[in-house]
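Here is the structure we will look at, set down as structure tokens.
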Amino acid sequence: MSKRGRGKRGVASCSKKMREDELHVDFDDDMLAMGKQKSKFASWLGLTLRAMFPYHIPTNKFDKQRWENLRLEAKEYWNILDDKPKHVFLKKAKKNCTDWRSKLYREYVKVNEEPFDKYKYLDRSMWPVFVASKKEENFLKKSEKARASALKNEDFHRTGCAGYKGLKDNFDGR
């Protein structure tokens with residue numbers, strides 16, 4: 001725990017075994033996780049994605065059954081009673097998976113380093129495949145085009161780390 005008492009975050013928040021009554025997450029009208037366990041749910045999702053989905057395969061190449069298995073595991077583990085949050089959950093999971101691959105590219109491939117000291121669970125044998133895919137001409141062209149487009153953005157969002165959902169409470173009082 002930090003000096004300011006914010007509690008554990010990220011991987012550390014999932015390292016402690018939770019009681020059965022804590023394994024429940026609720027969803028608001030926008031089908032976003034809410035309540036006391038929302039950050040633990042997000043951490044669990046990230047860790048589970050990294051375990052279930054190989055990093056060297058592009059996110060859009062995974063079959064629908066793999067995504068459905070992830071959703072069913074989350075539903076069972078977190079005692080999610082209905083299927084209403086399915087669409088939003090899968091969208092967030094796919095974005096999380098893509099962001100993970102982007103992080104590996106930015107922090108390791110671009111600087112010619114390997115992530116295995118920090119992420120010991122990664123499959124070393126697939127690293128050359130991942131690096132090769134990120135050095136292909138098609139990928140580099142697409143990356144440069146996206147970078148040029150991002151540099152043109154002059155109106156950055158200012159919602160903070162909680163996003164629009166975090167500001168919603170402030171709107172009600174105005």
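Identifiers in the structure tokens: chain A, B, ... in order shown; residue index from 1 per chain; ligand index from 1 in order shown.
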
- request: If you run DSSP over the backbone, which residues in stretch 16-93 of chain A end up strand (DSSP E)? Put them as a ChimeraX atom specification.
  value: /A:26-27,33-34

Given the selection you just returned, output its residues as a file containing N, CA and C atoms, formatted as a PDB file, in the first residue's frame.
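out23.pdb written:
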```
ATOM      1  N   ASP A  26     -21.078  -5.431 -10.742  1.00  0.00           N
ATOM      2  CA  ASP A  26     -22.316  -4.911 -11.309  1.00  0.00           C
ATOM      3  C   ASP A  26     -21.987  -4.031 -12.501  1.00  0.00           C
ATOM      4  N   PHE A  27     -22.994  -3.785 -13.330  1.00  0.00           N
ATOM      5  CA  PHE A  27     -22.824  -2.961 -14.512  1.00  0.00           C
ATOM      6  C   PHE A  27     -23.872  -1.859 -14.509  1.00  0.00           C
ATOM      7  N   ALA A  33     -18.501  -1.741 -15.998  1.00  0.00           N
ATOM      8  CA  ALA A  33     -18.352  -2.262 -14.642  1.00  0.00           C
ATOM      9  C   ALA A  33     -18.398  -1.115 -13.646  1.00  0.00           C
ATOM     10  N   MET A  34     -19.046  -1.370 -12.524  1.00  0.00           N
ATOM     11  CA  MET A  34     -19.144  -0.338 -11.489  1.00  0.00           C
ATOM     12  C   MET A  34     -19.098  -1.006 -10.121  1.00  0.00           C
TER      13      MET A  34
END
```

Could you list, as an mmCIF file with N, CA and C atoms, in the first residue's frame, every residue within 12 Å of A:Tyr121, counting only C-alpha atoms and ignoring same-chain residues fewer than 2 positions away?
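Just written: part26.cif:
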```
data_model
loop_
_atom_site.group_PDB
_atom_site.id
_atom_site.type_symbol
_atom_site.label_atom_id
_atom_site.label_comp_id
_atom_site.auth_asym_id
_atom_site.auth_seq_id
_atom_site.Cartn_x
_atom_site.Cartn_y
_atom_site.Cartn_z
ATOM 1 N N LEU A 47 -5.125 -9.689 -16.911
ATOM 2 C CA LEU A 47 -4.287 -10.865 -16.642
ATOM 3 C C LEU A 47 -4.798 -12.105 -17.367
ATOM 4 N N ARG A 50 -3.974 -11.952 -21.117
ATOM 5 C CA ARG A 50 -2.568 -12.251 -21.394
ATOM 6 C C ARG A 50 -2.283 -13.743 -21.278
ATOM 7 N N ALA A 51 -3.038 -14.432 -20.434
ATOM 8 C CA ALA A 51 -2.840 -15.873 -20.278
ATOM 9 C C ALA A 51 -3.527 -16.663 -21.391
ATOM 10 N N MET A 52 -4.700 -16.216 -21.851
ATOM 11 C CA MET A 52 -5.491 -16.980 -22.811
ATOM 12 C C MET A 52 -5.187 -16.668 -24.278
ATOM 13 N N PRO A 54 -2.416 -15.627 -27.161
ATOM 14 C CA PRO A 54 -1.002 -15.477 -27.497
ATOM 15 C C PRO A 54 -0.708 -14.085 -28.066
ATOM 16 N N TYR A 55 0.379 -13.487 -27.617
ATOM 17 C CA TYR A 55 0.701 -12.120 -28.015
ATOM 18 C C TYR A 55 1.147 -11.996 -29.463
ATOM 19 N N PRO A 115 11.039 -8.445 -23.524
ATOM 20 C CA PRO A 115 10.242 -8.223 -22.311
ATOM 21 C C PRO A 115 10.302 -9.341 -21.273
ATOM 22 N N PHE A 116 11.159 -10.323 -21.461
ATOM 23 C CA PHE A 116 11.082 -11.538 -20.650
ATOM 24 C C PHE A 116 11.565 -11.371 -19.213
ATOM 25 N N ASP A 117 12.322 -10.324 -18.920
ATOM 26 C CA ASP A 117 12.707 -10.078 -17.530
ATOM 27 C C ASP A 117 11.490 -9.633 -16.719
ATOM 28 N N LYS A 118 10.668 -8.801 -17.313
ATOM 29 C CA LYS A 118 9.496 -8.270 -16.621
ATOM 30 C C LYS A 118 8.290 -9.209 -16.741
ATOM 31 N N TYR A 119 8.084 -9.799 -17.917
ATOM 32 C CA TYR A 119 6.933 -10.670 -18.174
ATOM 33 C C TYR A 119 7.427 -12.093 -18.394
ATOM 34 N N ASP A 123 5.882 -16.476 -23.952
ATOM 35 C CA ASP A 123 6.524 -17.551 -24.696
ATOM 36 C C ASP A 123 7.684 -16.977 -25.514
ATOM 37 N N ARG A 124 8.903 -17.312 -25.120
ATOM 38 C CA ARG A 124 10.101 -16.810 -25.808
ATOM 39 C C ARG A 124 10.176 -17.248 -27.258
ATOM 40 N N SER A 125 9.692 -18.439 -27.545
ATOM 41 C CA SER A 125 9.829 -18.971 -28.899
ATOM 42 C C SER A 125 9.014 -18.179 -29.919
#
```

- request: Report the distance between atom CA of A:Ala74 and atom CA of A:Cys97 in Å, rounded to one decimal place.
  value: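 Separation between atom CA of A:Ala74 and atom CA of A:Cys97: 15.3 Å.
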
message: From the options A:Phe130, A:Arg147, A:Ile80, A:Leu140, which residue's atoms come nearest to A:Pro58, counting only C-alpha atoms?
response: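 Closest to A:Pro58, using only C-alpha atoms: A:Phe130.
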
If you run DSSP on the backbone, which residues of stretch 57-124 of chain A are helix (DSSP H, G or I), as a tab-separated table (two decimals) with N, CA and C atoms, in the first residue's frame?
```
chain	number	residue	atom	x	y	z
A	59	THR	N	-4.94	-9.42	-32.82
A	59	THR	CA	-6.21	-9.51	-32.11
A	59	THR	C	-7.37	-9.89	-33.03
A	60	ASN	N	-7.38	-9.35	-34.25
A	60	ASN	CA	-8.49	-9.63	-35.15
A	60	ASN	C	-8.43	-11.03	-35.77
A	61	LYS	N	-7.39	-11.79	-35.49
A	61	LYS	CA	-7.25	-13.14	-36.03
A	61	LYS	C	-7.80	-14.22	-35.09
A	64	LYS	N	-14.14	-16.37	-32.96
A	64	LYS	CA	-15.21	-15.91	-32.05
A	64	LYS	C	-15.35	-16.81	-30.84
A	65	GLN	N	-15.06	-18.09	-30.99
A	65	GLN	CA	-15.21	-19.02	-29.87
A	65	GLN	C	-14.25	-18.70	-28.73
A	66	ARG	N	-13.05	-18.26	-29.07
A	66	ARG	CA	-12.08	-17.90	-28.03
A	66	ARG	C	-12.59	-16.72	-27.21
A	67	TRP	N	-13.17	-15.71	-27.89
A	67	TRP	CA	-13.72	-14.55	-27.19
A	67	TRP	C	-14.92	-14.96	-26.34
A	68	GLU	N	-15.74	-15.86	-26.88
A	68	GLU	CA	-16.91	-16.33	-26.14
A	68	GLU	C	-16.48	-17.10	-24.90
A	69	ASN	N	-15.42	-17.91	-25.01
A	69	ASN	CA	-14.91	-18.63	-23.84
A	69	ASN	C	-14.44	-17.67	-22.75
A	70	LEU	N	-13.79	-16.58	-23.15
A	70	LEU	CA	-13.35	-15.57	-22.19
A	70	LEU	C	-14.56	-14.96	-21.48
A	71	ARG	N	-15.58	-14.62	-22.24
A	71	ARG	CA	-16.78	-14.02	-21.66
A	71	ARG	C	-17.47	-14.98	-20.69
A	72	LEU	N	-17.56	-16.24	-21.07
A	72	LEU	CA	-18.20	-17.23	-20.20
A	72	LEU	C	-17.39	-17.45	-18.92
A	73	GLU	N	-16.07	-17.43	-19.04
A	73	GLU	CA	-15.23	-17.58	-17.85
A	73	GLU	C	-15.43	-16.39	-16.91
A	74	ALA	N	-15.49	-15.18	-17.48
A	74	ALA	CA	-15.72	-13.98	-16.66
A	74	ALA	C	-17.09	-14.05	-16.00
A	75	LYS	N	-18.07	-14.48	-16.76
A	75	LYS	CA	-19.44	-14.57	-16.23
A	75	LYS	C	-19.51	-15.53	-15.05
A	76	GLU	N	-18.84	-16.66	-15.17
A	76	GLU	CA	-18.84	-17.65	-14.10
A	76	GLU	C	-18.02	-17.18	-12.91
A	77	TYR	N	-16.80	-16.69	-13.16
A	77	TYR	CA	-15.89	-16.30	-12.08
A	77	TYR	C	-16.44	-15.13	-11.28
A	86	LYS	N	-22.55	-8.19	-22.55
A	86	LYS	CA	-21.74	-8.99	-23.48
A	86	LYS	C	-21.02	-8.13	-24.52
A	87	HIS	N	-21.75	-7.27	-25.23
A	87	HIS	CA	-21.17	-6.48	-26.31
A	87	HIS	C	-20.05	-5.56	-25.80
A	88	VAL	N	-20.33	-4.84	-24.72
A	88	VAL	CA	-19.35	-3.90	-24.17
A	88	VAL	C	-18.14	-4.66	-23.61
A	89	PHE	N	-18.40	-5.79	-22.95
A	89	PHE	CA	-17.31	-6.60	-22.39
A	89	PHE	C	-16.36	-7.06	-23.50
A	90	LEU	N	-16.92	-7.59	-24.58
A	90	LEU	CA	-16.07	-8.08	-25.68
A	90	LEU	C	-15.32	-6.94	-26.35
A	91	LYS	N	-15.96	-5.80	-26.49
A	91	LYS	CA	-15.29	-4.63	-27.08
A	91	LYS	C	-14.10	-4.20	-26.22
A	92	LYS	N	-14.32	-4.14	-24.89
A	92	LYS	CA	-13.23	-3.76	-23.98
A	92	LYS	C	-12.12	-4.80	-23.98
A	93	ALA	N	-12.48	-6.08	-24.03
A	93	ALA	CA	-11.49	-7.14	-24.04
A	93	ALA	C	-10.62	-7.06	-25.29
A	94	LYS	N	-11.23	-6.82	-26.43
A	94	LYS	CA	-10.48	-6.72	-27.69
A	94	LYS	C	-9.55	-5.51	-27.66
A	95	LYS	N	-10.05	-4.39	-27.13
A	95	LYS	CA	-9.20	-3.19	-27.03
A	95	LYS	C	-8.03	-3.45	-26.08
A	96	ASN	N	-8.29	-4.11	-24.96
A	96	ASN	CA	-7.26	-4.43	-23.99
A	96	ASN	C	-6.19	-5.31	-24.63
A	97	CYS	N	-6.61	-6.29	-25.40
A	97	CYS	CA	-5.68	-7.20	-26.08
A	97	CYS	C	-4.82	-6.44	-27.09
A	98	THR	N	-5.46	-5.56	-27.86
A	98	THR	CA	-4.73	-4.75	-28.84
A	98	THR	C	-3.75	-3.80	-28.15
A	99	ASP	N	-4.19	-3.19	-27.05
A	99	ASP	CA	-3.32	-2.28	-26.30
A	99	ASP	C	-2.09	-3.01	-25.75
A	100	TRP	N	-2.28	-4.25	-25.32
A	100	TRP	CA	-1.17	-5.06	-24.81
A	100	TRP	C	-0.12	-5.30	-25.90
A	101	ARG	N	-0.59	-5.66	-27.09
A	101	ARG	CA	0.32	-5.88	-28.21
A	101	ARG	C	1.04	-4.57	-28.58
A	102	SER	N	0.30	-3.46	-28.54
A	102	SER	CA	0.90	-2.15	-28.84
A	102	SER	C	1.97	-1.79	-27.82
A	103	LYS	N	1.70	-2.11	-26.56
A	103	LYS	CA	2.68	-1.82	-25.51
A	103	LYS	C	3.96	-2.62	-25.74
A	104	LEU	N	3.81	-3.89	-26.08
A	104	LEU	CA	4.99	-4.71	-26.37
A	104	LEU	C	5.78	-4.11	-27.53
A	105	TYR	N	5.09	-3.65	-28.54
A	105	TYR	CA	5.77	-3.04	-29.70
A	105	TYR	C	6.50	-1.76	-29.30
A	106	ARG	N	5.77	-0.85	-28.64
A	106	ARG	CA	6.35	0.44	-28.26
A	106	ARG	C	7.54	0.32	-27.32
A	107	GLU	N	7.37	-0.50	-26.27
A	107	GLU	CA	8.37	-0.52	-25.22
A	107	GLU	C	9.50	-1.53	-25.44
A	108	TYR	N	9.32	-2.45	-26.38
A	108	TYR	CA	10.35	-3.48	-26.55
A	108	TYR	C	10.82	-3.61	-27.99
A	109	VAL	N	9.93	-3.79	-28.94
A	109	VAL	CA	10.35	-4.00	-30.33
A	109	VAL	C	11.03	-2.75	-30.87
A	124	ARG	N	8.90	-17.31	-25.12
A	124	ARG	CA	10.10	-16.81	-25.81
A	124	ARG	C	10.18	-17.25	-27.26
```
